[in-house]
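Enquirer: I am attaching a structure below and will ask some questions about it afterwards.
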Amino acid sequence: MPTNADPRQMYGNCLKLLLQPIARLALRKGITFKDCSHFLKQVFVFEAARQLEDQGKKINVSRISVMSGIMRNEVNRIYSLGETSRGVEVSIPTRVIELWESDARYKRNGRLKTLTIAEFQTLVSQVSKHVNHGTVLFELVRLGNIIRKGDSLRLKRKVHKLAAEPEEAFALAAKDVDTLIECVEENLDPMVSLGNLHIRTEYDHISEKSLRVIRKWFISQGRALHKRARKFLSAHDLDLSPELVAGHRGGNKAVISMVTLTSPLSQEKTLPHD
């Protein structure tokens, strides 16, 4: 890397890499850039305020605005007035689905009709005269909301299958991402003599029949590792090992996090992503 590289540009490129999986998630869920920019403003504002608080500095709108690059009136609206309730904007494809589900013209005997392309074009025109029905159809098929067979279009109600509430699951993912970024930053610091573990093992030609066995192995080995880690770390935690309190200063953290992934199991490949 050139020694005269602009650090802001360098970390901007790094940030772009980190944002790619976020963009993939948003696009899979039909969340637009406009929606993301709204949430990103909130994150920047409250993170700037948190950093000021951590540094023992006075928090005000002007300082947050300078740190974040967000206009003062926007910072005031979000931080001072607490206007953070705006949700994801209802897109044209979503409005098309809602009309299809609610309008009696698109039902037969109380059940949703299968539409022809011409009927779908009429449906889209009721929502917007300025968007091509083919573009809307492409997006809804991509998202898995519509199943197309020739000229026949069927609306598919997605089944949500999550082991936990989405916000709870992604709150844990956010903590993992934060830990990973701290780990990488410290490993890149030339002043650090003992780095953190950042390791990845990946094989890309695994037998499909082995996927279930591999997942079970990952889970059992991961649980065993964390059990050993908890036993080891508890002996160094001042709350759990009070005999260490004398002459020791606490408040430091030690984190071991783990995530495993395989290709979807064969019987799960046809399930929707949501």
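Chains: A, B, ... in order of the structure tokens. Residues: from 1 per chain. Ligands: from 1, in order shown.
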Counting only C-alpha atoms, what is within 12 Å of A:Asn76, bar same-chain residues fewer than 3 positions away, as JSON, numbers by chain?
Expert: {"A": [41, 42, 45, 46, 59, 60, 61, 62, 63, 64, 65, 70, 71, 72, 73, 79, 80, 81, 82, 83, 84]}
Enquirer: Extract the full set of strand (DSSP E or B) residues from stretch 116-231 of chain A according to DSSP on the backbone, and format it as a list in words.
Expert: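 Reading the DSSP output for stretch 116-231 of chain A, strand (DSSP E or B) covers Thr116, Ile146, Ile147, Arg148, Lys149, Ser152, Leu153, Arg154 and Leu155 of chain A.
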Enquirer: Find the spatial neighbours of A:Ala118, counting only C-alpha atoms, within a cut-off of 12 Å - ignore same-chain residues fewer than 6 positions away - and output them as a CSV table (one decimal) with all heavy atoms, in the first residue's frame.
Expert:
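Once written, result.csv looks like this:
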```csv
chain,number,residue,atom,x,y,z
A,124,VAL,N,-51.0,-3.1,-11.8
A,124,VAL,CA,-49.9,-2.1,-11.6
A,124,VAL,C,-50.4,-0.7,-12.0
A,124,VAL,O,-50.0,0.2,-11.2
A,124,VAL,CB,-48.7,-2.5,-12.4
A,124,VAL,CG1,-47.6,-1.5,-12.3
A,124,VAL,CG2,-48.2,-3.9,-11.9
A,125,SER,N,-51.1,-0.6,-13.0
A,125,SER,CA,-51.6,0.8,-13.4
A,125,SER,C,-52.5,1.5,-12.4
A,125,SER,O,-52.6,2.7,-12.4
A,125,SER,CB,-52.3,0.7,-14.8
A,125,SER,OG,-53.5,0.0,-14.7
A,133,HIS,N,-45.0,-2.3,-15.9
A,133,HIS,CA,-45.5,-3.4,-15.2
A,133,HIS,C,-44.5,-4.6,-15.2
A,133,HIS,O,-44.3,-5.4,-14.3
A,133,HIS,CB,-46.8,-3.9,-15.7
A,133,HIS,CG,-46.8,-4.6,-17.0
A,133,HIS,ND1,-46.6,-3.9,-18.2
A,133,HIS,CD2,-46.8,-5.9,-17.4
A,133,HIS,CE1,-46.6,-4.8,-19.2
A,133,HIS,NE2,-46.7,-6.0,-18.7
A,134,GLY,N,-43.7,-4.7,-16.3
A,134,GLY,CA,-42.7,-5.7,-16.5
A,134,GLY,C,-41.6,-5.6,-15.4
A,134,GLY,O,-41.1,-6.6,-14.9
A,137,LEU,N,-43.0,-6.7,-12.1
A,137,LEU,CA,-43.1,-8.2,-12.2
A,137,LEU,C,-41.7,-8.8,-11.9
A,137,LEU,O,-41.6,-9.8,-11.1
A,137,LEU,CB,-43.7,-8.6,-13.5
A,137,LEU,CG,-43.8,-10.2,-13.7
A,137,LEU,CD1,-44.6,-10.8,-12.6
A,137,LEU,CD2,-44.3,-10.5,-15.1
A,151,ASP,N,-47.9,-17.3,-18.9
A,151,ASP,CA,-48.7,-16.1,-18.8
A,151,ASP,C,-49.4,-16.1,-17.5
A,151,ASP,O,-50.2,-15.2,-17.2
A,151,ASP,CB,-49.6,-16.1,-20.0
A,151,ASP,CG,-50.3,-14.7,-20.1
A,151,ASP,OD1,-49.6,-13.7,-20.0
A,151,ASP,OD2,-51.6,-14.7,-20.3
A,152,SER,N,-49.2,-17.0,-16.6
A,152,SER,CA,-49.9,-17.2,-15.4
A,152,SER,C,-49.1,-16.7,-14.2
A,152,SER,O,-48.0,-17.1,-14.0
A,152,SER,CB,-50.4,-18.6,-15.2
A,152,SER,OG,-51.0,-18.8,-13.9
A,153,LEU,N,-49.7,-15.8,-13.3
A,153,LEU,CA,-49.0,-15.3,-12.2
A,153,LEU,C,-49.8,-15.6,-10.9
A,153,LEU,O,-50.9,-15.3,-10.8
A,153,LEU,CB,-48.9,-13.8,-12.3
A,153,LEU,CG,-48.2,-13.2,-13.6
A,153,LEU,CD1,-48.3,-11.7,-13.6
A,153,LEU,CD2,-46.8,-13.7,-13.8
```
Enquirer: What is the distance between atom CA of A:Ser257 and atom CA of A:Ala235, in Å to one decimal?
Expert: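 Computed distance, atom CA of A:Ser257 to atom CA of A:Ala235, equals 18.7 Å.
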Enquirer: Nearest to A:Phe218: which of A:Thr260, A:Phe232, A:Val90, A:Gln9 is it, counting only C-alpha atoms?
Expert: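 Counting only C-alpha atoms, the residue closest to A:Phe218 is A:Thr260.
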Enquirer: I want to know what sits within 9 Å of A:Leu261, based on only C-alpha atoms, with residues of the same chain fewer than 2 positions away left out; could you give that as a PyMOL selection string?
Expert: chain A and resi 215+218+259+263-264
Enquirer: Could you dump the residues just selected with all heavy atoms as a PDB file, in the first residue's frame?
Expert:
```
ATOM      1  N   ARG A 215     -22.972 -29.736   9.652  1.00  0.00           N
ATOM      2  CA  ARG A 215     -23.642 -28.776  10.522  1.00  0.00           C
ATOM      3  C   ARG A 215     -23.679 -29.280  11.967  1.00  0.00           C
ATOM      4  O   ARG A 215     -23.432 -28.526  12.908  1.00  0.00           O
ATOM      5  CB  ARG A 215     -25.064 -28.515  10.028  1.00  0.00           C
ATOM      6  CG  ARG A 215     -25.144 -27.570   8.835  1.00  0.00           C
ATOM      7  CD  ARG A 215     -26.531 -27.015   8.667  1.00  0.00           C
ATOM      8  NE  ARG A 215     -26.606 -26.126   7.513  1.00  0.00           N
ATOM      9  CZ  ARG A 215     -27.658 -25.365   7.222  1.00  0.00           C
ATOM     10  NH1 ARG A 215     -28.721 -25.400   8.005  1.00  0.00           N
ATOM     11  NH2 ARG A 215     -27.660 -24.583   6.167  1.00  0.00           N
ATOM     12  N   PHE A 218     -20.199 -28.936  13.429  1.00  0.00           N
ATOM     13  CA  PHE A 218     -19.926 -27.534  13.744  1.00  0.00           C
ATOM     14  C   PHE A 218     -20.581 -27.152  15.080  1.00  0.00           C
ATOM     15  O   PHE A 218     -19.961 -26.528  15.940  1.00  0.00           O
ATOM     16  CB  PHE A 218     -20.479 -26.614  12.650  1.00  0.00           C
ATOM     17  CG  PHE A 218     -19.586 -26.464  11.439  1.00  0.00           C
ATOM     18  CD1 PHE A 218     -20.099 -25.916  10.258  1.00  0.00           C
ATOM     19  CD2 PHE A 218     -18.267 -26.844  11.466  1.00  0.00           C
ATOM     20  CE1 PHE A 218     -19.290 -25.751   9.134  1.00  0.00           C
ATOM     21  CE2 PHE A 218     -17.444 -26.693  10.351  1.00  0.00           C
ATOM     22  CZ  PHE A 218     -17.963 -26.157   9.186  1.00  0.00           C
ATOM     23  N   VAL A 259     -19.255 -18.239  14.308  1.00  0.00           N
ATOM     24  CA  VAL A 259     -20.368 -18.433  13.388  1.00  0.00           C
ATOM     25  C   VAL A 259     -19.954 -19.489  12.374  1.00  0.00           C
ATOM     26  O   VAL A 259     -18.798 -19.531  11.945  1.00  0.00           O
ATOM     27  CB  VAL A 259     -20.761 -17.115  12.675  1.00  0.00           C
ATOM     28  CG1 VAL A 259     -19.588 -16.559  11.883  1.00  0.00           C
ATOM     29  CG2 VAL A 259     -21.966 -17.301  11.770  1.00  0.00           C
ATOM     30  N   SER A 263     -23.802 -24.596   2.829  1.00  0.00           N
ATOM     31  CA  SER A 263     -24.859 -24.417   1.843  1.00  0.00           C
ATOM     32  C   SER A 263     -26.162 -24.936   2.435  1.00  0.00           C
ATOM     33  O   SER A 263     -26.142 -25.785   3.336  1.00  0.00           O
ATOM     34  CB  SER A 263     -24.523 -25.196   0.571  1.00  0.00           C
ATOM     35  OG  SER A 263     -23.328 -24.716  -0.011  1.00  0.00           O
ATOM     36  N   PRO A 264     -27.324 -24.447   1.958  1.00  0.00           N
ATOM     37  CA  PRO A 264     -28.604 -24.923   2.499  1.00  0.00           C
ATOM     38  C   PRO A 264     -28.737 -26.431   2.347  1.00  0.00           C
ATOM     39  O   PRO A 264     -28.278 -27.014   1.362  1.00  0.00           O
ATOM     40  CB  PRO A 264     -29.642 -24.184   1.657  1.00  0.00           C
ATOM     41  CG  PRO A 264     -28.935 -22.988   1.124  1.00  0.00           C
ATOM     42  CD  PRO A 264     -27.515 -23.417   0.923  1.00  0.00           C
TER      43      PRO A 264
END
```
Enquirer: Give me every helix (DSSP H, G or I) residue in stretch 38-190 of chain A, going by DSSP on the backbone, as number ranges by chain.
Expert: A: 38-54, 61-68, 72-80, 92-102, 104-106, 117-127, 133-142, 166-188
Enquirer: May I have the residues within 8 Å of A:Leu143 as a compact mmCIF listing (two decimals) with N, CA and C atoms, in the first residue's frame, using only C-alpha atoms and disregarding those fewer than 5 positions away in the same chain?
Expert:
```
# COMPACT_ATOMS: atom_id res chain seq x y z
N ARG A 28 -32.26 -8.32 -0.80
CA ARG A 28 -33.03 -9.57 -0.65
C ARG A 28 -34.39 -9.30 -0.02
N LYS A 29 -34.44 -8.30 0.87
CA LYS A 29 -35.67 -8.02 1.61
C LYS A 29 -36.48 -6.90 0.98
N GLY A 30 -36.05 -6.40 -0.17
CA GLY A 30 -36.81 -5.35 -0.84
C GLY A 30 -36.70 -3.99 -0.17
```
Enquirer: Excluding A:Thr116 and residues on its chain fewer than 4 positions from it, collect all residues at most 10 Å away from it, counting only C-alpha atoms, and give them as a ChimeraX atom specification.
Expert: /A:120-122,148-154
Enquirer: Can I get the selection written as an mmCIF file, in the first residue's frame, with N, CA and C atoms?
Expert:
```cif
data_model
loop_
_atom_site.group_PDB
_atom_site.id
_atom_site.type_symbol
_atom_site.label_atom_id
_atom_site.label_comp_id
_atom_site.auth_asym_id
_atom_site.auth_seq_id
_atom_site.Cartn_x
_atom_site.Cartn_y
_atom_site.Cartn_z
ATOM 1 N N PHE A 120 -52.329 -8.342 -14.627
ATOM 2 C CA PHE A 120 -51.297 -7.788 -13.753
ATOM 3 C C PHE A 120 -50.943 -6.375 -14.198
ATOM 4 N N GLN A 121 -50.900 -6.136 -15.504
ATOM 5 C CA GLN A 121 -50.610 -4.797 -16.021
ATOM 6 C C GLN A 121 -51.672 -3.814 -15.542
ATOM 7 N N THR A 122 -52.934 -4.240 -15.558
ATOM 8 C CA THR A 122 -54.021 -3.390 -15.067
ATOM 9 C C THR A 122 -53.854 -3.114 -13.583
ATOM 10 N N ARG A 148 -44.295 -17.360 -11.411
ATOM 11 C CA ARG A 148 -44.745 -17.200 -12.790
ATOM 12 C C ARG A 148 -44.600 -18.497 -13.564
ATOM 13 N N LYS A 149 -45.663 -18.886 -14.249
ATOM 14 C CA LYS A 149 -45.639 -20.020 -15.167
ATOM 15 C C LYS A 149 -46.262 -19.566 -16.474
ATOM 16 N N GLY A 150 -45.408 -19.235 -17.425
ATOM 17 C CA GLY A 150 -45.891 -18.727 -18.700
ATOM 18 C C GLY A 150 -46.584 -17.398 -18.517
ATOM 19 N N ASP A 151 -47.868 -17.347 -18.881
ATOM 20 C CA ASP A 151 -48.666 -16.124 -18.775
ATOM 21 C C ASP A 151 -49.426 -16.076 -17.459
ATOM 22 N N SER A 152 -49.194 -17.049 -16.593
ATOM 23 C CA SER A 152 -49.943 -17.176 -15.353
ATOM 24 C C SER A 152 -49.109 -16.699 -14.162
ATOM 25 N N LEU A 153 -49.691 -15.838 -13.320
ATOM 26 C CA LEU A 153 -48.989 -15.268 -12.176
ATOM 27 C C LEU A 153 -49.757 -15.590 -10.894
ATOM 28 N N ARG A 154 -49.078 -16.204 -9.942
ATOM 29 C CA ARG A 154 -49.701 -16.557 -8.657
ATOM 30 C C ARG A 154 -48.969 -15.855 -7.527
#
```
Enquirer: With distances taken over only C-alpha atoms, which of A:Lys16, A:His38, A:Lys216, A:Lys175 is nearest to A:Glu74?
Expert: A:His38
Enquirer: Near A:Asp176, within 12 Å and counting only C-alpha atoms, which residues show up once chain neighbours fewer than 4 positions away are dropped, as a short mmCIF file (atom, residue, chain, number, x, y, z; two decimals) with N, CA, C and O atoms, in the first residue's frame?
Expert:
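See around.cif below for the written result:
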```cif
data_model
loop_
_atom_site.label_atom_id
_atom_site.label_comp_id
_atom_site.auth_asym_id
_atom_site.auth_seq_id
_atom_site.Cartn_x
_atom_site.Cartn_y
_atom_site.Cartn_z
N ALA A 169 -32.08 -11.41 16.79
CA ALA A 169 -31.06 -12.15 16.05
C ALA A 169 -30.02 -11.21 15.46
O ALA A 169 -28.81 -11.46 15.54
N PHE A 170 -30.46 -10.09 14.88
CA PHE A 170 -29.53 -9.17 14.25
C PHE A 170 -28.82 -8.28 15.27
O PHE A 170 -27.76 -7.74 14.98
N ALA A 171 -29.39 -8.13 16.48
CA ALA A 171 -28.66 -7.42 17.53
C ALA A 171 -27.41 -8.21 17.91
O ALA A 171 -26.34 -7.63 18.12
N LEU A 172 -27.53 -9.53 17.97
CA LEU A 172 -26.36 -10.37 18.24
C LEU A 172 -25.38 -10.30 17.07
O LEU A 172 -24.16 -10.21 17.28
N LEU A 180 -15.64 -8.08 15.44
CA LEU A 180 -14.77 -8.42 14.32
C LEU A 180 -13.98 -7.19 13.84
O LEU A 180 -12.77 -7.27 13.58
N ILE A 181 -14.66 -6.04 13.74
CA ILE A 181 -13.99 -4.82 13.29
C ILE A 181 -12.91 -4.40 14.29
O ILE A 181 -11.79 -4.03 13.90
N GLU A 182 -13.22 -4.47 15.59
CA GLU A 182 -12.21 -4.15 16.61
C GLU A 182 -11.01 -5.08 16.49
O GLU A 182 -9.86 -4.65 16.60
N CYS A 183 -11.29 -6.36 16.27
CA CYS A 183 -10.23 -7.36 16.13
C CYS A 183 -9.32 -7.02 14.95
O CYS A 183 -8.08 -7.02 15.07
N VAL A 255 -13.53 -11.64 24.48
CA VAL A 255 -14.65 -12.14 23.69
C VAL A 255 -14.19 -13.27 22.78
O VAL A 255 -13.15 -13.16 22.12
N ILE A 256 -14.97 -14.34 22.76
CA ILE A 256 -14.78 -15.36 21.74
C ILE A 256 -16.13 -15.57 21.08
O ILE A 256 -17.12 -15.88 21.74
N SER A 257 -16.20 -15.32 19.80
CA SER A 257 -17.45 -15.43 19.06
C SER A 257 -17.25 -16.41 17.91
O SER A 257 -16.14 -16.60 17.43
N MET A 258 -18.35 -17.04 17.50
CA MET A 258 -18.21 -18.06 16.46
C MET A 258 -19.46 -18.08 15.59
O MET A 258 -20.58 -17.92 16.08
N VAL A 259 -19.25 -18.24 14.31
CA VAL A 259 -20.37 -18.43 13.39
C VAL A 259 -19.95 -19.49 12.37
O VAL A 259 -18.80 -19.53 11.95
#
```
